[in-house]
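Chemist: What follows is upload-v2.csv; its format and atoms are CSV, N, CA and C atoms.
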chain,number,residue,atom,x,y,z
N,1382,MET,N,68.1,62.9,22.4
N,1382,MET,CA,67.3,64.1,22.8
N,1382,MET,C,68.3,65.0,23.4
N,1383,SER,N,68.2,66.3,23.1
N,1383,SER,CA,69.2,67.3,23.7
N,1383,SER,C,68.6,68.1,24.8
N,1384,VAL,N,67.4,67.6,25.4
N,1384,VAL,CA,66.8,68.3,26.5
N,1384,VAL,C,66.7,67.2,27.6
N,1385,TRP,N,67.3,67.4,28.8
N,1385,TRP,CA,67.2,66.5,29.9
N,1385,TRP,C,67.2,67.2,31.2
N,1386,ILE,N,66.6,66.5,32.2
N,1386,ILE,CA,66.5,67.1,33.5
N,1386,ILE,C,67.4,66.4,34.5
N,1387,GLU,N,68.0,67.2,35.3
N,1387,GLU,CA,68.9,66.7,36.4
N,1387,GLU,C,68.6,67.6,37.6
N,1388,GLY,N,67.8,67.0,38.5
N,1388,GLY,CA,67.4,67.7,39.7
N,1388,GLY,C,66.4,68.8,39.3
N,1389,VAL,N,66.8,70.1,39.6
N,1389,VAL,CA,66.0,71.2,39.3
N,1389,VAL,C,66.6,72.0,38.1
N,1390,THR,N,67.5,71.4,37.4
N,1390,THR,CA,68.2,72.0,36.2
N,1390,THR,C,67.7,71.3,34.9
N,1391,ILE,N,67.3,72.0,34.0
N,1391,ILE,CA,67.0,71.5,32.6
N,1391,ILE,C,68.2,71.8,31.7
N,1392,HIS,N,68.8,70.8,31.2
N,1392,HIS,CA,69.9,70.9,30.3
N,1392,HIS,C,69.5,70.9,28.9
N,1393,VAL,N,70.0,71.8,28.1
N,1393,VAL,CA,69.8,71.8,26.6
N,1393,VAL,C,71.2,71.7,26.0
N,1394,GLU,N,71.4,70.8,25.1
N,1394,GLU,CA,72.7,70.7,24.5
N,1394,GLU,C,72.7,70.4,23.1
N,1395,GLY,N,73.8,70.8,22.4
N,1395,GLY,CA,74.0,70.5,21.0
N,1395,GLY,C,73.3,71.5,20.2
N,1396,ASN,N,73.0,71.1,18.9
N,1396,ASN,CA,72.3,71.9,18.0
N,1396,ASN,C,70.8,71.6,18.2
N,1397,SER,N,70.1,72.3,19.0
N,1397,SER,CA,68.8,72.0,19.4
N,1397,SER,C,67.7,72.4,18.4
N,1398,PRO,N,67.2,71.4,17.7
N,1398,PRO,CA,66.2,71.6,16.6
N,1398,PRO,C,64.8,71.9,17.1
N,1399,VAL,N,63.9,72.1,16.2
N,1399,VAL,CA,62.5,72.4,16.5
N,1399,VAL,C,61.9,71.3,17.3
N,1400,GLU,N,62.3,70.1,17.1
N,1400,GLU,CA,61.8,68.9,17.8
N,1400,GLU,C,62.0,69.0,19.3
N,1401,ASP,N,63.0,69.8,19.8
N,1401,ASP,CA,63.3,70.0,21.2
N,1401,ASP,C,62.4,71.0,21.9
N,1402,ALA,N,61.6,71.7,21.2
N,1402,ALA,CA,60.8,72.7,21.8
N,1402,ALA,C,59.7,72.1,22.7
N,1403,GLU,N,59.1,71.1,22.2
N,1403,GLU,CA,58.1,70.5,23.0
N,1403,GLU,C,58.6,69.8,24.3
N,1404,PRO,N,59.7,69.1,24.2
N,1404,PRO,CA,60.3,68.5,25.5
N,1404,PRO,C,60.8,69.6,26.4
N,1405,LEU,N,61.3,70.7,25.9
N,1405,LEU,CA,61.7,71.9,26.7
N,1405,LEU,C,60.5,72.4,27.5
N,1406,LEU,N,59.4,72.7,26.7
N,1406,LEU,CA,58.2,73.2,27.4
N,1406,LEU,C,57.7,72.2,28.4
N,1407,ALA,N,57.6,70.9,28.1
N,1407,ALA,CA,57.2,69.9,29.1
N,1407,ALA,C,58.1,69.9,30.3
N,1408,ALA,N,59.4,70.0,30.1
N,1408,ALA,CA,60.3,70.0,31.3
N,1408,ALA,C,60.1,71.2,32.1
N,1409,LEU,N,59.9,72.4,31.5
N,1409,LEU,CA,59.6,73.6,32.3
N,1409,LEU,C,58.3,73.5,33.1
N,1410,GLN,N,57.3,72.9,32.5
N,1410,GLN,CA,56.0,72.7,33.2
N,1410,GLN,C,56.1,71.7,34.3
N,1411,ARG,N,57.0,70.7,34.1
N,1411,ARG,CA,57.1,69.6,35.1
N,1411,ARG,C,58.0,70.0,36.3
N,1412,VAL,N,59.0,70.8,36.1
N,1412,VAL,CA,59.9,71.2,37.1
N,1412,VAL,C,59.8,72.7,37.4
N,1413,ARG,N,58.9,73.0,38.3
N,1413,ARG,CA,58.6,74.4,38.6
N,1413,ARG,C,59.8,75.0,39.2
N,1414,GLY,N,60.2,76.2,38.8
N,1414,GLY,CA,61.3,76.9,39.4
N,1414,GLY,C,62.7,76.4,38.8
N,1415,ALA,N,62.6,75.6,37.8
N,1415,ALA,CA,63.9,75.1,37.2
N,1415,ALA,C,64.8,76.2,36.6
N,1416,THR,N,66.0,75.9,36.6
N,1416,THR,CA,67.0,76.7,35.9
N,1416,THR,C,67.3,76.0,34.6
N,1417,VAL,N,67.5,76.7,33.5
N,1417,VAL,CA,67.8,76.1,32.2
N,1417,VAL,C,69.3,76.4,32.0
N,1418,ASP,N,70.0,75.3,31.7
N,1418,ASP,CA,71.4,75.4,31.5
N,1418,ASP,C,71.7,75.4,30.0
N,1419,LEU,N,72.2,76.5,29.4
N,1419,LEU,CA,72.4,76.6,28.0
N,1419,LEU,C,73.9,76.5,27.6
N,1420,SER,N,74.7,76.1,28.6
N,1420,SER,CA,76.2,76.2,28.4
N,1420,SER,C,76.7,75.1,27.4
N,1421,ALA,N,75.9,74.1,27.1
N,1421,ALA,CA,76.3,73.1,26.1
N,1421,ALA,C,75.6,73.2,24.8
N,1422,VAL,N,74.8,74.3,24.6
N,1422,VAL,CA,74.0,74.5,23.4
N,1422,VAL,C,74.9,75.1,22.3
N,1423,THR,N,74.8,74.6,21.1
N,1423,THR,CA,75.4,75.2,20.0
N,1423,THR,C,74.5,76.3,19.4
N,1424,ARG,N,73.3,75.9,19.2
N,1424,ARG,CA,72.3,76.8,18.7
N,1424,ARG,C,70.9,76.4,19.0
N,1425,LEU,N,70.1,77.3,19.5
N,1425,LEU,CA,68.7,77.0,19.8
N,1425,LEU,C,67.8,77.4,18.6
N,1426,HIS,N,66.8,76.5,18.4
N,1426,HIS,CA,65.8,76.9,17.4
N,1426,HIS,C,64.9,78.0,17.9
N,1427,SER,N,64.4,78.8,17.0
N,1427,SER,CA,63.6,80.0,17.4
N,1427,SER,C,62.4,79.7,18.2
N,1428,THR,N,61.9,78.5,18.0
N,1428,THR,CA,60.7,78.1,18.9
N,1428,THR,C,61.1,77.9,20.3
N,1429,SER,N,62.3,77.3,20.6
N,1429,SER,CA,62.8,77.2,21.9
N,1429,SER,C,63.1,78.5,22.5
N,1430,VAL,N,63.6,79.4,21.7
N,1430,VAL,CA,63.9,80.8,22.2
N,1430,VAL,C,62.6,81.5,22.6
N,1431,GLN,N,61.6,81.3,21.8
N,1431,GLN,CA,60.3,81.9,22.1
N,1431,GLN,C,59.7,81.3,23.4
N,1432,ILE,N,59.9,80.0,23.7
N,1432,ILE,CA,59.4,79.4,24.9
N,1432,ILE,C,60.2,80.1,26.1
N,1433,LEU,N,61.5,80.2,26.0
N,1433,LEU,CA,62.3,80.8,27.0
N,1433,LEU,C,62.0,82.3,27.3
N,1434,LEU,N,61.7,83.0,26.2
N,1434,LEU,CA,61.3,84.4,26.3
N,1434,LEU,C,59.9,84.5,27.0
N,1435,ALA,N,59.0,83.6,26.7
N,1435,ALA,CA,57.6,83.7,27.2
N,1435,ALA,C,57.6,83.3,28.7
N,1436,LEU,N,58.3,82.2,29.1
N,1436,LEU,CA,58.3,81.7,30.4
N,1436,LEU,C,59.3,82.3,31.4
N,1437,GLN,N,60.4,82.9,30.8
N,1437,GLN,CA,61.5,83.5,31.5
N,1437,GLN,C,62.0,82.8,32.7
N,1438,PRO,N,62.4,81.5,32.5
N,1438,PRO,CA,63.1,80.8,33.6
N,1438,PRO,C,64.5,81.3,33.8
N,1439,PRO,N,65.0,81.2,34.9
N,1439,PRO,CA,66.5,81.5,35.1
N,1439,PRO,C,67.3,80.7,34.2
N,1440,THR,N,68.3,81.3,33.5
N,1440,THR,CA,69.2,80.5,32.7
N,1440,THR,C,70.6,80.7,33.0
N,1441,ILE,N,71.4,79.8,32.7
N,1441,ILE,CA,72.9,79.9,32.9
N,1441,ILE,C,73.5,79.5,31.6
N,1442,GLY,N,74.7,80.0,31.3
N,1442,GLY,CA,75.4,79.7,30.1
N,1442,GLY,C,74.8,80.4,28.9
N,1443,LYS,N,75.5,80.3,27.8
N,1443,LYS,CA,75.2,80.9,26.5
N,1443,LYS,C,75.4,79.9,25.4
N,1444,PRO,N,74.6,79.9,24.3
N,1444,PRO,CA,74.9,79.1,23.2
N,1444,PRO,C,76.3,79.5,22.6
N,1445,SER,N,76.9,78.5,22.0
N,1445,SER,CA,78.2,78.8,21.4
N,1445,SER,C,78.1,79.5,20.1
N,1446,ASP,N,77.0,79.5,19.4
N,1446,ASP,CA,76.8,80.3,18.2
N,1446,ASP,C,76.9,81.8,18.5
N,1447,PRO,N,77.9,82.5,17.8
N,1447,PRO,CA,78.2,83.9,18.2
N,1447,PRO,C,76.9,84.8,18.1
N,1448,PHE,N,76.1,84.6,17.1
N,1448,PHE,CA,74.9,85.5,17.0
N,1448,PHE,C,74.0,85.3,18.2
N,1449,GLN,N,73.7,84.0,18.6
N,1449,GLN,CA,72.8,83.7,19.7
N,1449,GLN,C,73.5,84.1,21.0
N,1450,ALA,N,74.8,84.0,21.1
N,1450,ALA,CA,75.4,84.4,22.4
N,1450,ALA,C,75.4,85.9,22.6
N,1451,ASN,N,75.6,86.6,21.5
N,1451,ASN,CA,75.6,88.1,21.6
N,1451,ASN,C,74.3,88.8,21.5
N,1452,PHE,N,73.3,88.2,20.8
N,1452,PHE,CA,72.0,88.9,20.6
N,1452,PHE,C,70.8,88.2,21.2
N,1453,VAL,N,70.8,86.9,21.3
N,1453,VAL,CA,69.7,86.2,21.9
N,1453,VAL,C,69.8,86.0,23.4
N,1454,ALA,N,71.0,85.5,23.8
N,1454,ALA,CA,71.2,85.2,25.3
N,1454,ALA,C,70.9,86.4,26.2
N,1455,PRO,N,71.3,87.7,25.8
N,1455,PRO,CA,71.0,88.8,26.6
N,1455,PRO,C,69.5,89.1,26.8
N,1456,LEU,N,68.7,88.6,25.9
N,1456,LEU,CA,67.3,88.8,26.1
N,1456,LEU,C,66.7,87.8,27.1
N,1457,LEU,N,67.4,86.7,27.3
N,1457,LEU,CA,66.9,85.7,28.3
N,1457,LEU,C,67.3,86.2,29.7
N,1458,THR,N,66.8,85.5,30.7
N,1458,THR,CA,67.1,85.9,32.1
N,1458,THR,C,68.4,85.2,32.5
N,1459,ILE,N,69.5,85.6,31.9
N,1459,ILE,CA,70.8,85.0,32.2
N,1459,ILE,C,71.1,85.3,33.6
N,1460,SER,N,71.4,84.3,34.4
N,1460,SER,CA,71.8,84.6,35.8
N,1460,SER,C,73.3,84.3,35.9
N,1461,ASP,N,73.9,84.9,36.9
N,1461,ASP,CA,75.3,84.6,37.2
N,1461,ASP,C,75.5,83.2,37.6
N,1462,ASP,N,76.5,82.4,37.1
N,1462,ASP,CA,76.7,81.0,37.5
N,1462,ASP,C,76.9,80.8,39.0
N,1463,SER,N,77.5,81.8,39.6
N,1463,SER,CA,77.7,81.6,41.1
N,1463,SER,C,76.4,81.7,41.9
N,1464,ASN,N,75.4,82.2,41.3
N,1464,ASN,CA,74.1,82.3,42.0
N,1464,ASN,C,73.1,81.2,41.6
N,1465,ALA,N,73.5,80.4,40.6
N,1465,ALA,CA,72.6,79.3,40.1
N,1465,ALA,C,72.2,78.3,41.1
N,1466,LEU,N,73.1,78.1,42.1
N,1466,LEU,CA,72.8,77.0,43.1
N,1466,LEU,C,72.2,77.6,44.4
N,1467,ASP,N,72.1,78.9,44.5
N,1467,ASP,CA,71.5,79.5,45.7
N,1467,ASP,C,70.1,79.2,45.9
In structure tokens, write the structure found in this file.
Modeler:
Amino acid sequence: MSVWIEGVTIHVEGNSPVEDAEPLLAALQRVRGATVDLSAVTRLHSTSVQILLALQPPTIGKPSDPFQANFVAPLLTISDDSNALD
């Protein structure tokens, strides 16, 4: 599974398929106020993007896919890495 929780951070990694959307939503519901770390993501499925757009959790990192890094990540609430632990 490419969605996992560490403390108050939800990590998403690799090529995140549609099957990761439900675990991502469950993690966001379970860990209130969590930050989502996208720094190890290759590409997010559009369903996961929709979840992040709807719930607007703080996020850090960007997918390595150039299109998603340049056009999708700016739509999310990307926070500065230095503020992620404040």
Chemist: Name all residues at most 8 Å from segment 1415-1420 of chain N (count only N, CA and C atoms; drop same-chain ones fewer than 6 positions away) and give them as a VMD selection string.
Modeler: chain N and resid 1388 to 1395 1408 to 1409 1438 to 1445 1465
Chemist: Could you tell me which of N:Ser1383, N:Gln1449, N:Gln1431, N:Thr1423 comes closest to Glu1400 of chain N if we count all atoms listed in the file?
Modeler: N:Ser1383
Chemist: For atom CA of Gln1410 of chain N and atom CA of Asp1446 of chain N, quote the distance in Å rounded to one decimal.
Modeler: 26.7 Å
Chemist: Write out as a list in words the set of residues from chain N that DSSP, computed on the backbone, places in alpha helix (DSSP H).
Modeler: Ala1402, Glu1403, Pro1404, Leu1405, Leu1406, Ala1407, Ala1408, Leu1409, Gln1410, Arg1411, Ser1427, Thr1428, Ser1429, Val1430, Gln1431, Ile1432, Leu1433, Leu1434, Ala1435, Leu1436, Pro1447 and Phe1448 of chain N
Chemist: How many Å separate atom CA of Ala1435 of chain N from atom CA of Asn1396 of chain N?
Modeler: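 Calculated distance between atom CA of Ala1435 of chain N and atom CA of Asn1396 of chain N is 21.0 Å.
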Chemist: Given the choices N:Gln1437, N:Ala1402, N:Ser1429, N:Ser1397, which gets closest to Gly1414 of chain N if the distance is worked out from only C-alpha atoms?
Modeler: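 Ranking N:Gln1437, N:Ala1402, N:Ser1429, N:Ser1397 by distance to Gly1414 of chain N, first place goes to N:Gln1437.
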Chemist: By how many Å are atom CA of Val1384 of chain N and atom CA of Phe1448 of chain N apart?
Modeler: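 Calculated distance between atom CA of Val1384 of chain N and atom CA of Phe1448 of chain N is 21.3 Å.
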Chemist: Choose the residue, out of N:Leu1425, N:Leu1436, N:Ile1386, N:Ala1407, that has the smallest atom-to-atom separation from Ala1454 of chain N; count only C-alpha atoms.
Modeler: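 For Ala1454 of chain N, the nearest of the candidates is N:Leu1425.
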Chemist: Among chain N, which residues does DSSP mark as strand (DSSP E or B) when it is run on the backbone? Keep the chain and numbering as in the structure and answer as a list in words.
Modeler: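 Selection result, strand (DSSP E or B) within chain N: Val1384, Trp1385, Ile1386, Glu1387, Thr1390, Ile1391, His1392, Val1393, Glu1394, Gly1395, Asn1396, Ser1397, Thr1416, Val1417, Asp1418, Leu1419, Ser1420, Ala1421, Val1422, Thr1423, Arg1424, Leu1425, Thr1440, Ile1441 and Ile1459 of chain N.
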Chemist: I need the chosen residues saved as a PDB file, keeping the file's coordinate frame, with N, CA and C atoms.
Modeler:
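part.pdb was written with the following content:
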ATOM      1  N   VAL N1384      67.400  67.600  25.400  1.00  0.00           N
ATOM      2  CA  VAL N1384      66.800  68.300  26.500  1.00  0.00           C
ATOM      3  C   VAL N1384      66.700  67.200  27.600  1.00  0.00           C
ATOM      4  N   TRP N1385      67.300  67.400  28.800  1.00  0.00           N
ATOM      5  CA  TRP N1385      67.200  66.500  29.900  1.00  0.00           C
ATOM      6  C   TRP N1385      67.200  67.200  31.200  1.00  0.00           C
ATOM      7  N   ILE N1386      66.600  66.500  32.200  1.00  0.00           N
ATOM      8  CA  ILE N1386      66.500  67.100  33.500  1.00  0.00           C
ATOM      9  C   ILE N1386      67.400  66.400  34.500  1.00  0.00           C
ATOM     10  N   GLU N1387      68.000  67.200  35.300  1.00  0.00           N
ATOM     11  CA  GLU N1387      68.900  66.700  36.400  1.00  0.00           C
ATOM     12  C   GLU N1387      68.600  67.600  37.600  1.00  0.00           C
ATOM     13  N   THR N1390      67.500  71.400  37.400  1.00  0.00           N
ATOM     14  CA  THR N1390      68.200  72.000  36.200  1.00  0.00           C
ATOM     15  C   THR N1390      67.700  71.300  34.900  1.00  0.00           C
ATOM     16  N   ILE N1391      67.300  72.000  34.000  1.00  0.00           N
ATOM     17  CA  ILE N1391      67.000  71.500  32.600  1.00  0.00           C
ATOM     18  C   ILE N1391      68.200  71.800  31.700  1.00  0.00           C
ATOM     19  N   HIS N1392      68.800  70.800  31.200  1.00  0.00           N
ATOM     20  CA  HIS N1392      69.900  70.900  30.300  1.00  0.00           C
ATOM     21  C   HIS N1392      69.500  70.900  28.900  1.00  0.00           C
ATOM     22  N   VAL N1393      70.000  71.800  28.100  1.00  0.00           N
ATOM     23  CA  VAL N1393      69.800  71.800  26.600  1.00  0.00           C
ATOM     24  C   VAL N1393      71.200  71.700  26.000  1.00  0.00           C
ATOM     25  N   GLU N1394      71.400  70.800  25.100  1.00  0.00           N
ATOM     26  CA  GLU N1394      72.700  70.700  24.500  1.00  0.00           C
ATOM     27  C   GLU N1394      72.700  70.400  23.100  1.00  0.00           C
ATOM     28  N   GLY N1395      73.800  70.800  22.400  1.00  0.00           N
ATOM     29  CA  GLY N1395      74.000  70.500  21.000  1.00  0.00           C
ATOM     30  C   GLY N1395      73.300  71.500  20.200  1.00  0.00           C
ATOM     31  N   ASN N1396      73.000  71.100  18.900  1.00  0.00           N
ATOM     32  CA  ASN N1396      72.300  71.900  18.000  1.00  0.00           C
ATOM     33  C   ASN N1396      70.800  71.600  18.200  1.00  0.00           C
ATOM     34  N   SER N1397      70.100  72.300  19.000  1.00  0.00           N
ATOM     35  CA  SER N1397      68.800  72.000  19.400  1.00  0.00           C
ATOM     36  C   SER N1397      67.700  72.400  18.400  1.00  0.00           C
ATOM     37  N   THR N1416      66.000  75.900  36.600  1.00  0.00           N
ATOM     38  CA  THR N1416      67.000  76.700  35.900  1.00  0.00           C
ATOM     39  C   THR N1416      67.300  76.000  34.600  1.00  0.00           C
ATOM     40  N   VAL N1417      67.500  76.700  33.500  1.00  0.00           N
ATOM     41  CA  VAL N1417      67.800  76.100  32.200  1.00  0.00           C
ATOM     42  C   VAL N1417      69.300  76.400  32.000  1.00  0.00           C
ATOM     43  N   ASP N1418      70.000  75.300  31.700  1.00  0.00           N
ATOM     44  CA  ASP N1418      71.400  75.400  31.500  1.00  0.00           C
ATOM     45  C   ASP N1418      71.700  75.400  30.000  1.00  0.00           C
ATOM     46  N   LEU N1419      72.200  76.500  29.400  1.00  0.00           N
ATOM     47  CA  LEU N1419      72.400  76.600  28.000  1.00  0.00           C
ATOM     48  C   LEU N1419      73.900  76.500  27.600  1.00  0.00           C
ATOM     49  N   SER N1420      74.700  76.100  28.600  1.00  0.00           N
ATOM     50  CA  SER N1420      76.200  76.200  28.400  1.00  0.00           C
ATOM     51  C   SER N1420      76.700  75.100  27.400  1.00  0.00           C
ATOM     52  N   ALA N1421      75.900  74.100  27.100  1.00  0.00           N
ATOM     53  CA  ALA N1421      76.300  73.100  26.100  1.00  0.00           C
ATOM     54  C   ALA N1421      75.600  73.200  24.800  1.00  0.00           C
ATOM     55  N   VAL N1422      74.800  74.300  24.600  1.00  0.00           N
ATOM     56  CA  VAL N1422      74.000  74.500  23.400  1.00  0.00           C
ATOM     57  C   VAL N1422      74.900  75.100  22.300  1.00  0.00           C
ATOM     58  N   THR N1423      74.800  74.600  21.100  1.00  0.00           N
ATOM     59  CA  THR N1423      75.400  75.200  20.000  1.00  0.00           C
ATOM     60  C   THR N1423      74.500  76.300  19.400  1.00  0.00           C
ATOM     61  N   ARG N1424      73.300  75.900  19.200  1.00  0.00           N
ATOM     62  CA  ARG N1424      72.300  76.800  18.700  1.00  0.00           C
ATOM     63  C   ARG N1424      70.900  76.400  19.000  1.00  0.00           C
ATOM     64  N   LEU N1425      70.100  77.300  19.500  1.00  0.00           N
ATOM     65  CA  LEU N1425      68.700  77.000  19.800  1.00  0.00           C
ATOM     66  C   LEU N1425      67.800  77.400  18.600  1.00  0.00           C
ATOM     67  N   THR N1440      68.300  81.300  33.500  1.00  0.00           N
ATOM     68  CA  THR N1440      69.200  80.500  32.700  1.00  0.00           C
ATOM     69  C   THR N1440      70.600  80.700  33.000  1.00  0.00           C
ATOM     70  N   ILE N1441      71.400  79.800  32.700  1.00  0.00           N
ATOM     71  CA  ILE N1441      72.900  79.900  32.900  1.00  0.00           C
ATOM     72  C   ILE N1441      73.500  79.500  31.600  1.00  0.00           C
ATOM     73  N   ILE N1459      69.500  85.600  31.900  1.00  0.00           N
ATOM     74  CA  ILE N1459      70.800  85.000  32.200  1.00  0.00           C
ATOM     75  C   ILE N1459      71.100  85.300  33.600  1.00  0.00           C
TER      76      ILE N1459
END
Chemist: For a quick check of understanding, using all atoms listed in the file, which of N:Arg1413, N:Glu1387, N:Ala1421, N:Leu1456 has the smallest distance to Leu1433 of chain N?
Modeler: N:Leu1456
